[in-house]
file start.tsv (TSV, N, CA and C atoms)
chain	number	residue	atom	x	y	z
G	1	MET	N	0.84	-1.17	0.00
G	1	MET	CA	0.00	0.00	0.00
G	1	MET	C	0.88	1.23	0.00
G	2	THR	N	0.36	2.27	-0.55
G	2	THR	CA	1.13	3.50	-0.59
G	2	THR	C	0.89	4.31	0.67
G	3	SER	N	1.83	5.14	1.00
G	3	SER	CA	1.70	6.03	2.14
G	3	SER	C	1.40	7.43	1.61
G	4	THR	N	0.15	7.77	1.54
G	4	THR	CA	-0.26	9.08	1.05
G	4	THR	C	-1.35	9.63	1.94
G	5	SER	N	-1.70	10.90	1.73
G	5	SER	CA	-2.72	11.51	2.56
G	5	SER	C	-4.12	11.04	2.20
G	6	SER	N	-4.28	10.45	1.02
G	6	SER	CA	-5.56	9.85	0.66
G	6	SER	C	-5.27	8.61	-0.19
G	7	THR	N	-6.20	7.70	-0.19
G	7	THR	CA	-6.03	6.45	-0.93
G	7	THR	C	-7.26	6.23	-1.78
G	8	ARG	N	-7.05	5.79	-3.02
G	8	ARG	CA	-8.17	5.47	-3.90
G	8	ARG	C	-8.32	3.96	-3.94
G	9	TYR	N	-9.57	3.53	-3.87
G	9	TYR	CA	-9.87	2.11	-4.00
G	9	TYR	C	-11.17	1.98	-4.77
G	10	GLU	N	-11.09	1.40	-5.95
G	10	GLU	CA	-12.26	1.20	-6.80
G	10	GLU	C	-13.12	2.46	-6.90
G	11	GLY	N	-12.46	3.58	-7.15
G	11	GLY	CA	-13.18	4.83	-7.39
G	11	GLY	C	-13.46	5.66	-6.16
G	12	ASP	N	-13.33	5.08	-4.97
G	12	ASP	CA	-13.57	5.83	-3.74
G	12	ASP	C	-12.25	6.40	-3.24
G	13	THR	N	-12.29	7.59	-2.67
G	13	THR	CA	-11.11	8.20	-2.07
G	13	THR	C	-11.33	8.26	-0.56
G	14	TRP	N	-10.36	7.79	0.19
G	14	TRP	CA	-10.42	7.84	1.64
G	14	TRP	C	-9.47	8.91	2.13
G	15	ASP	N	-9.92	9.73	3.07
G	15	ASP	CA	-9.06	10.70	3.72
G	15	ASP	C	-8.36	9.96	4.86
G	16	LEU	N	-7.10	9.67	4.69
G	16	LEU	CA	-6.39	8.86	5.68
G	16	LEU	C	-6.24	9.56	7.02
G	17	ALA	N	-6.22	10.90	7.00
G	17	ALA	CA	-6.08	11.63	8.26
G	17	ALA	C	-7.27	11.35	9.19
G	18	SER	N	-8.44	11.11	8.62
G	18	SER	CA	-9.62	10.83	9.45
G	18	SER	C	-9.93	9.34	9.52
G	19	SER	N	-9.01	8.52	9.09
G	19	SER	CA	-9.23	7.07	9.05
G	19	SER	C	-8.33	6.32	10.01
G	20	VAL	N	-7.86	6.99	11.05
G	20	VAL	CA	-6.94	6.37	12.00
G	20	VAL	C	-7.54	5.08	12.56
G	21	GLY	N	-6.74	4.02	12.54
G	21	GLY	CA	-7.18	2.75	13.07
G	21	GLY	C	-7.80	1.82	12.05
G	22	VAL	N	-8.11	2.33	10.85
G	22	VAL	CA	-8.65	1.47	9.82
G	22	VAL	C	-7.59	0.44	9.45
G	23	THR	N	-8.00	-0.81	9.36
G	23	THR	CA	-7.08	-1.89	9.02
G	23	THR	C	-7.55	-2.55	7.74
G	24	ALA	N	-6.59	-2.89	6.88
G	24	ALA	CA	-6.90	-3.54	5.61
G	24	ALA	C	-5.82	-4.57	5.29
G	25	THR	N	-6.17	-5.49	4.43
G	25	THR	CA	-5.19	-6.47	3.97
G	25	THR	C	-4.91	-6.23	2.50
G	26	MET	N	-3.77	-6.71	2.07
G	26	MET	CA	-3.36	-6.57	0.67
G	26	MET	C	-2.56	-7.81	0.29
G	27	VAL	N	-2.82	-8.30	-0.90
G	27	VAL	CA	-2.03	-9.41	-1.41
G	27	VAL	C	-0.60	-8.92	-1.57
G	28	GLY	N	0.33	-9.71	-1.11
G	28	GLY	CA	1.74	-9.33	-1.21
G	28	GLY	C	2.29	-8.92	0.14
G	29	VAL	N	3.46	-8.38	0.09
G	29	VAL	CA	4.15	-7.99	1.33
G	29	VAL	C	4.88	-6.68	1.10
G	30	ASN	N	5.06	-5.93	2.16
G	30	ASN	CA	5.88	-4.73	2.12
G	30	ASN	C	7.30	-5.17	1.78
G	31	MET	N	7.80	-4.72	0.66
G	31	MET	CA	9.11	-5.19	0.19
G	31	MET	C	10.24	-4.87	1.16
G	32	SER	N	10.05	-3.89	2.04
G	32	SER	CA	11.09	-3.59	3.02
G	32	SER	C	11.24	-4.72	4.04
G	33	ALA	N	10.25	-5.63	4.10
G	33	ALA	CA	10.32	-6.76	5.02
G	33	ALA	C	11.11	-7.92	4.43
G	34	ILE	N	11.47	-7.84	3.16
G	34	ILE	CA	12.20	-8.91	2.50
G	34	ILE	C	13.63	-8.44	2.22
G	35	PRO	N	14.62	-8.95	2.95
G	35	PRO	CA	16.00	-8.49	2.76
G	35	PRO	C	16.47	-8.55	1.30
G	36	ALA	N	16.09	-9.60	0.58
G	36	ALA	CA	16.53	-9.75	-0.81
G	36	ALA	C	15.95	-8.67	-1.72
G	37	ALA	N	14.89	-8.01	-1.29
G	37	ALA	CA	14.24	-7.01	-2.14
G	37	ALA	C	14.79	-5.60	-1.93
G	38	ARG	N	15.52	-5.36	-0.88
G	38	ARG	CA	15.97	-3.99	-0.55
G	38	ARG	C	16.77	-3.36	-1.67
G	39	ASP	N	17.72	-4.08	-2.23
G	39	ASP	CA	18.54	-3.54	-3.32
G	39	ASP	C	17.68	-3.24	-4.55
G	40	PHE	N	16.76	-4.16	-4.86
G	40	PHE	CA	15.86	-3.96	-6.00
G	40	PHE	C	15.03	-2.69	-5.79
G	41	VAL	N	14.46	-2.53	-4.61
G	41	VAL	CA	13.62	-1.36	-4.33
G	41	VAL	C	14.44	-0.09	-4.46
G	42	ALA	N	15.65	-0.07	-3.92
G	42	ALA	CA	16.50	1.12	-4.01
G	42	ALA	C	16.83	1.47	-5.46
G	43	ARG	N	17.19	0.47	-6.26
G	43	ARG	CA	17.50	0.72	-7.67
G	43	ARG	C	16.26	1.16	-8.44
G	44	TYR	N	15.12	0.53	-8.17
G	44	TYR	CA	13.87	0.88	-8.85
G	44	TYR	C	13.50	2.33	-8.55
G	45	GLU	N	13.51	2.69	-7.27
G	45	GLU	CA	13.08	4.03	-6.88
G	45	GLU	C	14.06	5.11	-7.36
G	46	ALA	N	15.33	4.78	-7.44
G	46	ALA	CA	16.30	5.74	-7.97
G	46	ALA	C	16.04	6.02	-9.45
G	47	THR	N	15.51	5.03	-10.16
G	47	THR	CA	15.27	5.16	-11.60
G	47	THR	C	13.87	5.65	-11.92
G	48	TYR	N	12.84	5.09	-11.23
G	48	TYR	CA	11.45	5.34	-11.62
G	48	TYR	C	10.62	6.09	-10.59
G	49	GLY	N	11.12	6.29	-9.39
G	49	GLY	CA	10.32	6.91	-8.33
G	49	GLY	C	9.72	5.84	-7.43
G	50	THR	N	8.74	6.23	-6.64
G	50	THR	CA	8.14	5.32	-5.67
G	50	THR	C	7.65	4.03	-6.32
G	51	ILE	N	8.04	2.93	-5.70
G	51	ILE	CA	7.68	1.62	-6.25
G	51	ILE	C	6.20	1.34	-6.03
G	52	GLY	N	5.57	0.74	-7.01
G	52	GLY	CA	4.18	0.33	-6.89
G	52	GLY	C	4.08	-1.00	-6.16
G	53	PRO	N	2.90	-1.34	-5.64
G	53	PRO	CA	2.78	-2.57	-4.86
G	53	PRO	C	2.99	-3.84	-5.68
G	54	TYR	N	2.81	-3.76	-6.98
G	54	TYR	CA	2.94	-4.97	-7.80
G	54	TYR	C	4.20	-4.98	-8.66
G	55	SER	N	4.98	-3.92	-8.63
G	55	SER	CA	6.20	-3.85	-9.45
G	55	SER	C	7.16	-4.99	-9.18
G	56	PRO	N	7.44	-5.35	-7.92
G	56	PRO	CA	8.36	-6.47	-7.68
G	56	PRO	C	7.81	-7.80	-8.22
G	57	TYR	N	6.50	-7.97	-8.17
G	57	TYR	CA	5.90	-9.21	-8.68
G	57	TYR	C	6.01	-9.28	-10.20
G	58	ALA	N	5.83	-8.14	-10.86
G	58	ALA	CA	6.00	-8.09	-12.31
G	58	ALA	C	7.45	-8.39	-12.68
G	59	TYR	N	8.38	-7.83	-11.92
G	59	TYR	CA	9.81	-8.08	-12.15
G	59	TYR	C	10.11	-9.58	-12.05
G	60	ASP	N	9.61	-10.21	-10.98
G	60	ASP	CA	9.84	-11.65	-10.82
G	60	ASP	C	9.17	-12.44	-11.93
G	61	ALA	N	7.96	-12.07	-12.33
G	61	ALA	CA	7.25	-12.78	-13.39
G	61	ALA	C	8.04	-12.74	-14.70
G	62	VAL	N	8.57	-11.57	-15.04
G	62	VAL	CA	9.37	-11.44	-16.26
G	62	VAL	C	10.61	-12.33	-16.17
G	63	ASN	N	11.25	-12.35	-15.01
G	63	ASN	CA	12.44	-13.18	-14.87
G	63	ASN	C	12.14	-14.67	-14.93
G	64	VAL	N	10.97	-15.09	-14.43
G	64	VAL	CA	10.56	-16.49	-14.57
G	64	VAL	C	10.40	-16.84	-16.05
G	65	VAL	N	9.77	-15.95	-16.81
G	65	VAL	CA	9.56	-16.19	-18.24
G	65	VAL	C	10.89	-16.18	-18.99
G	66	LEU	N	11.76	-15.23	-18.68
G	66	LEU	CA	13.07	-15.18	-19.35
G	66	LEU	C	13.88	-16.46	-19.09
G	67	ALA	N	13.84	-16.95	-17.85
G	67	ALA	CA	14.55	-18.19	-17.53
G	67	ALA	C	13.93	-19.36	-18.30
G	68	ALA	N	12.61	-19.37	-18.44
G	68	ALA	CA	11.93	-20.43	-19.19
G	68	ALA	C	12.31	-20.38	-20.67
G	69	ILE	N	12.42	-19.19	-21.22
G	69	ILE	CA	12.84	-19.04	-22.63
G	69	ILE	C	14.24	-19.60	-22.82
G	70	ARG	N	15.15	-19.27	-21.89
G	70	ARG	CA	16.53	-19.79	-21.98
G	70	ARG	C	16.53	-21.32	-21.90
G	71	ARG	N	15.76	-21.88	-20.97
G	71	ARG	CA	15.73	-23.34	-20.82
G	71	ARG	C	15.10	-24.01	-22.04
G	72	ALA	N	14.08	-23.37	-22.64
G	72	ALA	CA	13.42	-23.93	-23.83
G	72	ALA	C	14.39	-23.96	-25.00
G	73	GLY	N	15.27	-22.98	-25.08
G	73	GLY	CA	16.29	-22.96	-26.12
G	73	GLY	C	15.77	-22.60	-27.51
G	74	ARG	N	14.52	-22.23	-27.59
G	74	ARG	CA	13.98	-21.85	-28.90
G	74	ARG	C	12.72	-20.99	-28.70
G	75	ALA	N	12.39	-20.26	-29.73
G	75	ALA	CA	11.21	-19.39	-29.69
G	75	ALA	C	9.96	-20.19	-30.06
G	76	ASP	N	9.54	-21.03	-29.12
G	76	ASP	CA	8.38	-21.89	-29.33
G	76	ASP	C	7.46	-21.76	-28.12
G	77	ARG	N	6.26	-21.25	-28.34
G	77	ARG	CA	5.34	-20.97	-27.24
G	77	ARG	C	5.11	-22.18	-26.35
G	78	ALA	N	4.81	-23.32	-26.93
G	78	ALA	CA	4.52	-24.52	-26.14
G	78	ALA	C	5.73	-24.92	-25.29
G	79	ALA	N	6.92	-24.83	-25.87
G	79	ALA	CA	8.14	-25.19	-25.14
G	79	ALA	C	8.39	-24.23	-23.98
G	80	VAL	N	8.16	-22.95	-24.22
G	80	VAL	CA	8.36	-21.95	-23.17
G	80	VAL	C	7.34	-22.16	-22.05
G	81	LEU	N	6.07	-22.37	-22.40
G	81	LEU	CA	5.05	-22.61	-21.38
G	81	LEU	C	5.37	-23.86	-20.56
G	82	ALA	N	5.85	-24.89	-21.21
G	82	ALA	CA	6.23	-26.11	-20.49
G	82	ALA	C	7.34	-25.82	-19.49
G	83	GLU	N	8.30	-24.97	-19.89
G	83	GLU	CA	9.40	-24.61	-18.99
G	83	GLU	C	8.92	-23.72	-17.84
G	84	VAL	N	7.97	-22.84	-18.11
G	84	VAL	CA	7.40	-22.03	-17.02
G	84	VAL	C	6.78	-22.97	-15.99
G	85	ARG	N	6.02	-23.94	-16.45
G	85	ARG	CA	5.38	-24.91	-15.53
G	85	ARG	C	6.41	-25.70	-14.72
G	86	ARG	N	7.59	-25.91	-15.29
G	86	ARG	CA	8.65	-26.66	-14.60
G	86	ARG	C	9.47	-25.79	-13.65
G	87	THR	N	9.17	-24.53	-13.57
G	87	THR	CA	9.93	-23.63	-12.69
G	87	THR	C	9.93	-24.17	-11.27
G	88	LYS	N	11.10	-24.28	-10.70
G	88	LYS	CA	11.26	-24.76	-9.33
G	88	LYS	C	12.21	-23.83	-8.59
G	89	ASP	N	11.75	-23.38	-7.45
G	89	ASP	CA	12.58	-22.59	-6.53
G	89	ASP	C	13.24	-21.38	-7.18
G	90	HIS	N	12.48	-20.64	-8.00
G	90	HIS	CA	13.02	-19.41	-8.59
G	90	HIS	C	13.18	-18.38	-7.47
G	91	ARG	N	14.39	-17.95	-7.24
G	91	ARG	CA	14.67	-16.98	-6.18
G	91	ARG	C	14.63	-15.58	-6.77
G	92	GLY	N	13.60	-14.85	-6.38
G	92	GLY	CA	13.43	-13.49	-6.88
G	92	GLY	C	13.33	-12.50	-5.74
G	93	VAL	N	12.98	-11.28	-6.07
G	93	VAL	CA	12.90	-10.25	-5.04
G	93	VAL	C	11.69	-10.43	-4.13
G	94	THR	N	10.69	-11.18	-4.55
G	94	THR	CA	9.50	-11.40	-3.72
G	94	THR	C	9.58	-12.70	-2.92
G	95	GLY	N	10.66	-13.42	-3.07
G	95	GLY	CA	10.81	-14.69	-2.37
G	95	GLY	C	11.06	-15.81	-3.35
G	96	VAL	N	10.73	-17.02	-2.94
G	96	VAL	CA	10.95	-18.20	-3.77
G	96	VAL	C	9.63	-18.53	-4.48
G	97	THR	N	9.70	-18.66	-5.80
G	97	THR	CA	8.50	-18.94	-6.60
G	97	THR	C	8.50	-20.37	-7.11
G	98	ASN	N	7.39	-21.04	-6.85
G	98	ASN	CA	7.06	-22.35	-7.40
G	98	ASN	C	5.60	-22.27	-7.83
G	99	PHE	N	5.17	-23.20	-8.65
G	99	PHE	CA	3.79	-23.21	-9.12
G	99	PHE	C	3.14	-24.54	-8.76
G	100	ASP	N	1.83	-24.49	-8.47
G	100	ASP	CA	1.10	-25.72	-8.21
G	100	ASP	C	0.59	-26.33	-9.52
G	101	ALA	N	-0.17	-27.40	-9.44
G	101	ALA	CA	-0.65	-28.10	-10.63
G	101	ALA	C	-1.56	-27.24	-11.50
G	102	ASN	N	-2.16	-26.21	-10.90
G	102	ASN	CA	-3.04	-25.30	-11.65
G	102	ASN	C	-2.29	-24.12	-12.25
G	103	GLY	N	-1.01	-24.02	-11.97
G	103	GLY	CA	-0.22	-22.90	-12.47
G	103	GLY	C	-0.23	-21.69	-11.56
G	104	ASP	N	-0.83	-21.83	-10.37
G	104	ASP	CA	-0.85	-20.73	-9.40
G	104	ASP	C	0.44	-20.72	-8.60
G	105	THR	N	0.90	-19.52	-8.27
G	105	THR	CA	2.11	-19.43	-7.48
G	105	THR	C	1.87	-19.94	-6.06
G	106	ARG	N	2.89	-20.54	-5.51
G	106	ARG	CA	2.84	-20.98	-4.12
G	106	ARG	C	3.40	-19.89	-3.20
G	107	ASN	N	3.92	-18.84	-3.78
G	107	ASN	CA	4.47	-17.70	-3.05
G	107	ASN	C	3.30	-16.76	-2.74
G	108	GLN	N	2.49	-17.14	-1.77
G	108	GLN	CA	1.26	-16.41	-1.47
G	108	GLN	C	1.38	-15.73	-0.11
G	109	LEU	N	1.48	-14.43	-0.14
G	109	LEU	CA	1.61	-13.64	1.07
G	109	LEU	C	0.47	-12.63	1.15
G	110	ILE	N	-0.07	-12.43	2.33
G	110	ILE	CA	-1.10	-11.42	2.56
G	110	ILE	C	-0.62	-10.56	3.72
G	111	SER	N	-0.59	-9.25	3.50
G	111	SER	CA	-0.11	-8.32	4.52
G	111	SER	C	-1.24	-7.55	5.17
G	112	VAL	N	-0.99	-7.10	6.39
G	112	VAL	CA	-1.94	-6.28	7.13
G	112	VAL	C	-1.36	-4.87	7.27
G	113	TYR	N	-2.19	-3.88	6.97
G	113	TYR	CA	-1.81	-2.47	7.11
G	113	TYR	C	-2.86	-1.77	7.98
G	114	THR	N	-2.42	-0.80	8.78
G	114	THR	CA	-3.32	0.01	9.60
G	114	THR	C	-2.98	1.47	9.37
G	115	VAL	N	-4.00	2.32	9.33
G	115	VAL	CA	-3.78	3.76	9.17
G	115	VAL	C	-3.33	4.33	10.52
G	116	ARG	N	-2.16	4.93	10.50
G	116	ARG	CA	-1.59	5.61	11.68
G	116	ARG	C	-0.91	6.87	11.20
G	117	GLY	N	-1.19	7.97	11.84
G	117	GLY	CA	-0.56	9.24	11.48
G	117	GLY	C	-0.83	9.63	10.03
G	118	GLY	N	-1.99	9.28	9.52
G	118	GLY	CA	-2.36	9.66	8.16
G	118	GLY	C	-1.70	8.84	7.07
G	119	GLU	N	-1.08	7.71	7.44
G	119	GLU	CA	-0.41	6.86	6.45
G	119	GLU	C	-0.74	5.39	6.73
G	120	TRP	N	-0.73	4.58	5.65
G	120	TRP	CA	-0.84	3.14	5.82
G	120	TRP	C	0.47	2.65	6.43
G	121	THR	N	0.38	1.90	7.51
G	121	THR	CA	1.55	1.39	8.20
G	121	THR	C	1.53	-0.14	8.16
G	122	TYR	N	2.60	-0.72	7.66
G	122	TYR	CA	2.71	-2.18	7.56
G	122	TYR	C	2.75	-2.78	8.96
G	123	GLN	N	1.88	-3.77	9.19
G	123	GLN	CA	1.79	-4.43	10.50
G	123	GLN	C	2.43	-5.82	10.51
G	124	GLY	N	2.49	-6.45	9.35
G	124	GLY	CA	3.06	-7.79	9.27
G	124	GLY	C	2.22	-8.66	8.36
G	125	LEU	N	2.51	-9.94	8.38
G	125	LEU	CA	1.82	-10.88	7.51
G	125	LEU	C	0.58	-11.45	8.19
G	126	ALA	N	-0.49	-11.54	7.42
G	126	ALA	CA	-1.70	-12.21	7.88
G	126	ALA	C	-1.65	-13.67	7.46
G	127	ALA	N	-1.02	-13.94	6.33
G	127	ALA	CA	-0.93	-15.30	5.81
G	127	ALA	C	0.36	-15.44	5.03
G	128	GLY	N	0.91	-16.63	5.04
G	128	GLY	CA	2.16	-16.90	4.33
G	128	GLY	C	3.35	-16.71	5.24
G	129	LYS	N	4.52	-17.00	4.72
G	129	LYS	CA	5.75	-16.78	5.49
G	129	LYS	C	6.86	-16.36	4.54
G	130	LEU	N	7.75	-15.54	5.07
G	130	LEU	CA	8.89	-15.06	4.28
G	130	LEU	C	9.96	-16.11	4.24

call {"tool": "encode", "arguments": {"input": "start.tsv", "output": "structure tokens"}}
result
Amino acid sequence: MTSTSSTRYEGDTWDLASSVGVTATMVGVNMSAIPAARDFVARYEATYGTIGPYSPYAYDAVNVVLAAIRRAGRADRAAVLAEVRRTKDHRGVTGVTNFDANGDTRNQLISVYTVRGGEWTYQGLAAGKL
């Protein structure tokens, strides 16, 4: 979640200054809680500005696909998809990525945030482990 004076969610704007104590969950984790992500966040923010909540996940997804392309050894969609499915223990900035039989990531983290001092404050994980 971003730390701003107001937050938009599905078209609604919340005034965080008057929302003290509001608690919400978000898929993912505050990247500052993951030691392996600190360098990535610093480089990202130096280049692009404040990191978005899904930027690290997009970065890891691209790297999973790039590794699958290298393993496939050819520009063939079916071969690349097969290699993506075979991904095991991909170490990225969001943690270790594996996929289940349905193709869903097993790297499933849910974070808890509470409004304090007019900002969303990371409280920790509600589900998953680092």

call {"tool": "select_by_dssp", "arguments": {"input": "start.tsv", "residues": "chain G", "states": "strand (DSSP E or B)", "output": "JSON list (two decimals) with N, CA and C atoms, in the coordinates of the input"}}
result
[["chain", "number", "residue", "atom", "x", "y", "z"],
["G", 6, "SER", "N", -4.28, 10.45, 1.02],
["G", 6, "SER", "CA", -5.56, 9.85, 0.66],
["G", 6, "SER", "C", -5.27, 8.61, -0.19],
["G", 7, "THR", "N", -6.20, 7.70, -0.19],
["G", 7, "THR", "CA", -6.03, 6.45, -0.93],
["G", 7, "THR", "C", -7.26, 6.23, -1.78],
["G", 8, "ARG", "N", -7.05, 5.79, -3.02],
["G", 8, "ARG", "CA", -8.17, 5.47, -3.90],
["G", 8, "ARG", "C", -8.32, 3.96, -3.94],
["G", 9, "TYR", "N", -9.57, 3.53, -3.87],
["G", 9, "TYR", "CA", -9.87, 2.11, -4.00],
["G", 9, "TYR", "C", -11.17, 1.98, -4.77],
["G", 12, "ASP", "N", -13.33, 5.08, -4.97],
["G", 12, "ASP", "CA", -13.57, 5.83, -3.74],
["G", 12, "ASP", "C", -12.25, 6.40, -3.24],
["G", 13, "THR", "N", -12.29, 7.59, -2.67],
["G", 13, "THR", "CA", -11.11, 8.20, -2.07],
["G", 13, "THR", "C", -11.33, 8.26, -0.56],
["G", 14, "TRP", "N", -10.36, 7.79, 0.19],
["G", 14, "TRP", "CA", -10.42, 7.84, 1.64],
["G", 14, "TRP", "C", -9.47, 8.91, 2.13],
["G", 15, "ASP", "N", -9.92, 9.73, 3.07],
["G", 15, "ASP", "CA", -9.06, 10.70, 3.72],
["G", 15, "ASP", "C", -8.36, 9.96, 4.86],
["G", 23, "THR", "N", -8.00, -0.81, 9.36],
["G", 23, "THR", "CA", -7.08, -1.89, 9.02],
["G", 23, "THR", "C", -7.55, -2.55, 7.74],
["G", 24, "ALA", "N", -6.59, -2.89, 6.88],
["G", 24, "ALA", "CA", -6.90, -3.54, 5.61],
["G", 24, "ALA", "C", -5.82, -4.57, 5.29],
["G", 25, "THR", "N", -6.17, -5.49, 4.43],
["G", 25, "THR", "CA", -5.19, -6.47, 3.97],
["G", 25, "THR", "C", -4.91, -6.23, 2.50],
["G", 26, "MET", "N", -3.77, -6.71, 2.07],
["G", 26, "MET", "CA", -3.36, -6.57, 0.67],
["G", 26, "MET", "C", -2.56, -7.81, 0.29],
["G", 27, "VAL", "N", -2.82, -8.30, -0.90],
["G", 27, "VAL", "CA", -2.03, -9.41, -1.41],
["G", 27, "VAL", "C", -0.60, -8.92, -1.57],
["G", 90, "HIS", "N", 12.48, -20.64, -8.00],
["G", 90, "HIS", "CA", 13.02, -19.41, -8.59],
["G", 90, "HIS", "C", 13.18, -18.38, -7.47],
["G", 91, "ARG", "N", 14.39, -17.95, -7.24],
["G", 91, "ARG", "CA", 14.67, -16.98, -6.18],
["G", 91, "ARG", "C", 14.63, -15.58, -6.77],
["G", 92, "GLY", "N", 13.60, -14.85, -6.38],
["G", 92, "GLY", "CA", 13.43, -13.49, -6.88],
["G", 92, "GLY", "C", 13.33, -12.50, -5.74],
["G", 95, "GLY", "N", 10.66, -13.42, -3.07],
["G", 95, "GLY", "CA", 10.81, -14.69, -2.37],
["G", 95, "GLY", "C", 11.06, -15.81, -3.35],
["G", 96, "VAL", "N", 10.73, -17.02, -2.94],
["G", 96, "VAL", "CA", 10.95, -18.20, -3.77],
["G", 96, "VAL", "C", 9.63, -18.53, -4.48],
["G", 97, "THR", "N", 9.70, -18.66, -5.80],
["G", 97, "THR", "CA", 8.50, -18.94, -6.60],
["G", 97, "THR", "C", 8.50, -20.37, -7.11],
["G", 99, "PHE", "N", 5.17, -23.20, -8.65],
["G", 99, "PHE", "CA", 3.79, -23.21, -9.12],
["G", 99, "PHE", "C", 3.14, -24.54, -8.76],
["G", 105, "THR", "N", 0.90, -19.52, -8.27],
["G", 105, "THR", "CA", 2.11, -19.43, -7.48],
["G", 105, "THR", "C", 1.87, -19.94, -6.06],
["G", 110, "ILE", "N", -0.07, -12.43, 2.33],
["G", 110, "ILE", "CA", -1.10, -11.42, 2.56],
["G", 110, "ILE", "C", -0.62, -10.56, 3.72],
["G", 111, "SER", "N", -0.59, -9.25, 3.50],
["G", 111, "SER", "CA", -0.11, -8.32, 4.52],
["G", 111, "SER", "C", -1.24, -7.55, 5.17],
["G", 112, "VAL", "N", -0.99, -7.10, 6.39],
["G", 112, "VAL", "CA", -1.94, -6.28, 7.13],
["G", 112, "VAL", "C", -1.36, -4.87, 7.27],
["G", 113, "TYR", "N", -2.19, -3.88, 6.97],
["G", 113, "TYR", "CA", -1.81, -2.47, 7.11],
["G", 113, "TYR", "C", -2.86, -1.77, 7.98],
["G", 114, "THR", "N", -2.42, -0.80, 8.78],
["G", 114, "THR", "CA", -3.32, 0.01, 9.60],
["G", 114, "THR", "C", -2.98, 1.47, 9.37],
["G", 115, "VAL", "N", -4.00, 2.32, 9.33],
["G", 115, "VAL", "CA", -3.78, 3.76, 9.17],
["G", 115, "VAL", "C", -3.33, 4.33, 10.52],
["G", 116, "ARG", "N", -2.16, 4.93, 10.50],
["G", 116, "ARG", "CA", -1.59, 5.61, 11.68],
["G", 116, "ARG", "C", -0.91, 6.87, 11.20],
["G", 119, "GLU", "N", -1.08, 7.71, 7.44],
["G", 119, "GLU", "CA", -0.41, 6.86, 6.45],
["G", 119, "GLU", "C", -0.74, 5.39, 6.73],
["G", 120, "TRP", "N", -0.73, 4.58, 5.65],
["G", 120, "TRP", "CA", -0.84, 3.14, 5.82],
["G", 120, "TRP", "C", 0.47, 2.65, 6.43],
["G", 121, "THR", "N", 0.38, 1.90, 7.51],
["G", 121, "THR", "CA", 1.55, 1.39, 8.20],
["G", 121, "THR", "C", 1.53, -0.14, 8.16],
["G", 122, "TYR", "N", 2.60, -0.72, 7.66],
["G", 122, "TYR", "CA", 2.71, -2.18, 7.56],
["G", 122, "TYR", "C", 2.75, -2.78, 8.96],
["G", 123, "GLN", "N", 1.88, -3.77, 9.19],
["G", 123, "GLN", "CA", 1.79, -4.43, 10.50],
["G", 123, "GLN", "C", 2.43, -5.82, 10.51],
["G", 124, "GLY", "N", 2.49, -6.45, 9.35],
["G", 124, "GLY", "CA", 3.06, -7.79, 9.27],
["G", 124, "GLY", "C", 2.22, -8.66, 8.36],
["G", 125, "LEU", "N", 2.51, -9.94, 8.38],
["G", 125, "LEU", "CA", 1.82, -10.88, 7.51],
["G", 125, "LEU", "C", 0.58, -11.45, 8.19],
["G", 126, "ALA", "N", -0.49, -11.54, 7.42],
["G", 126, "ALA", "CA", -1.70, -12.21, 7.88],
["G", 126, "ALA", "C", -1.65, -13.67, 7.46],
["G", 127, "ALA", "N", -1.02, -13.94, 6.33],
["G", 127, "ALA", "CA", -0.93, -15.30, 5.81],
["G", 127, "ALA", "C", 0.36, -15.44, 5.03]]

call {"tool": "atom_distance", "arguments": {"input": "start.tsv", "atom1": "atom C of G:Asn102", "atom2": "atom C of G:Ala72"}}
result
21.0 Å

call {"tool": "select_by_dssp", "arguments": {"input": "start.tsv", "residues": "chain G", "states": "helix (DSSP H, G or I)", "output": "number ranges by chain"}}
result
G: 16-18, 31-33, 35-48, 55-72, 77-85

call {"tool": "closest_residue", "arguments": {"input": "start.tsv", "among": "G:Tyr44, G:Tyr59, G:Tyr54, G:Tyr113", "to": "G:Met26", "atoms": "all atoms listed in the file"}}
result
G:Tyr113

call {"tool": "closest_residue", "arguments": {"input": "start.tsv", "among": "G:Pro56, G:Ser111, G:Val84, G:Arg71", "to": "G:Phe99", "atoms": "all atoms listed in the file"}}
result
G:Val84

call {"tool": "atom_distance", "arguments": {"input": "start.tsv", "atom1": "atom N of G:Asn30", "atom2": "atom N of G:Leu109"}}
result
9.5 Å

call {"tool": "atom_distance", "arguments": {"input": "start.tsv", "atom1": "atom C of G:Ala126", "atom2": "atom CA of G:Val112"}}
result
7.4 Å

call {"tool": "residues_near_point", "arguments": {"input": "start.tsv", "point": "(10.6, -10.8, -5.2)", "cutoff": "12 Å", "atoms": "only C-alpha atoms", "output": "PyMOL selection string"}}
result
chain G and resi 28-41+53-64+90-97+107-109+130
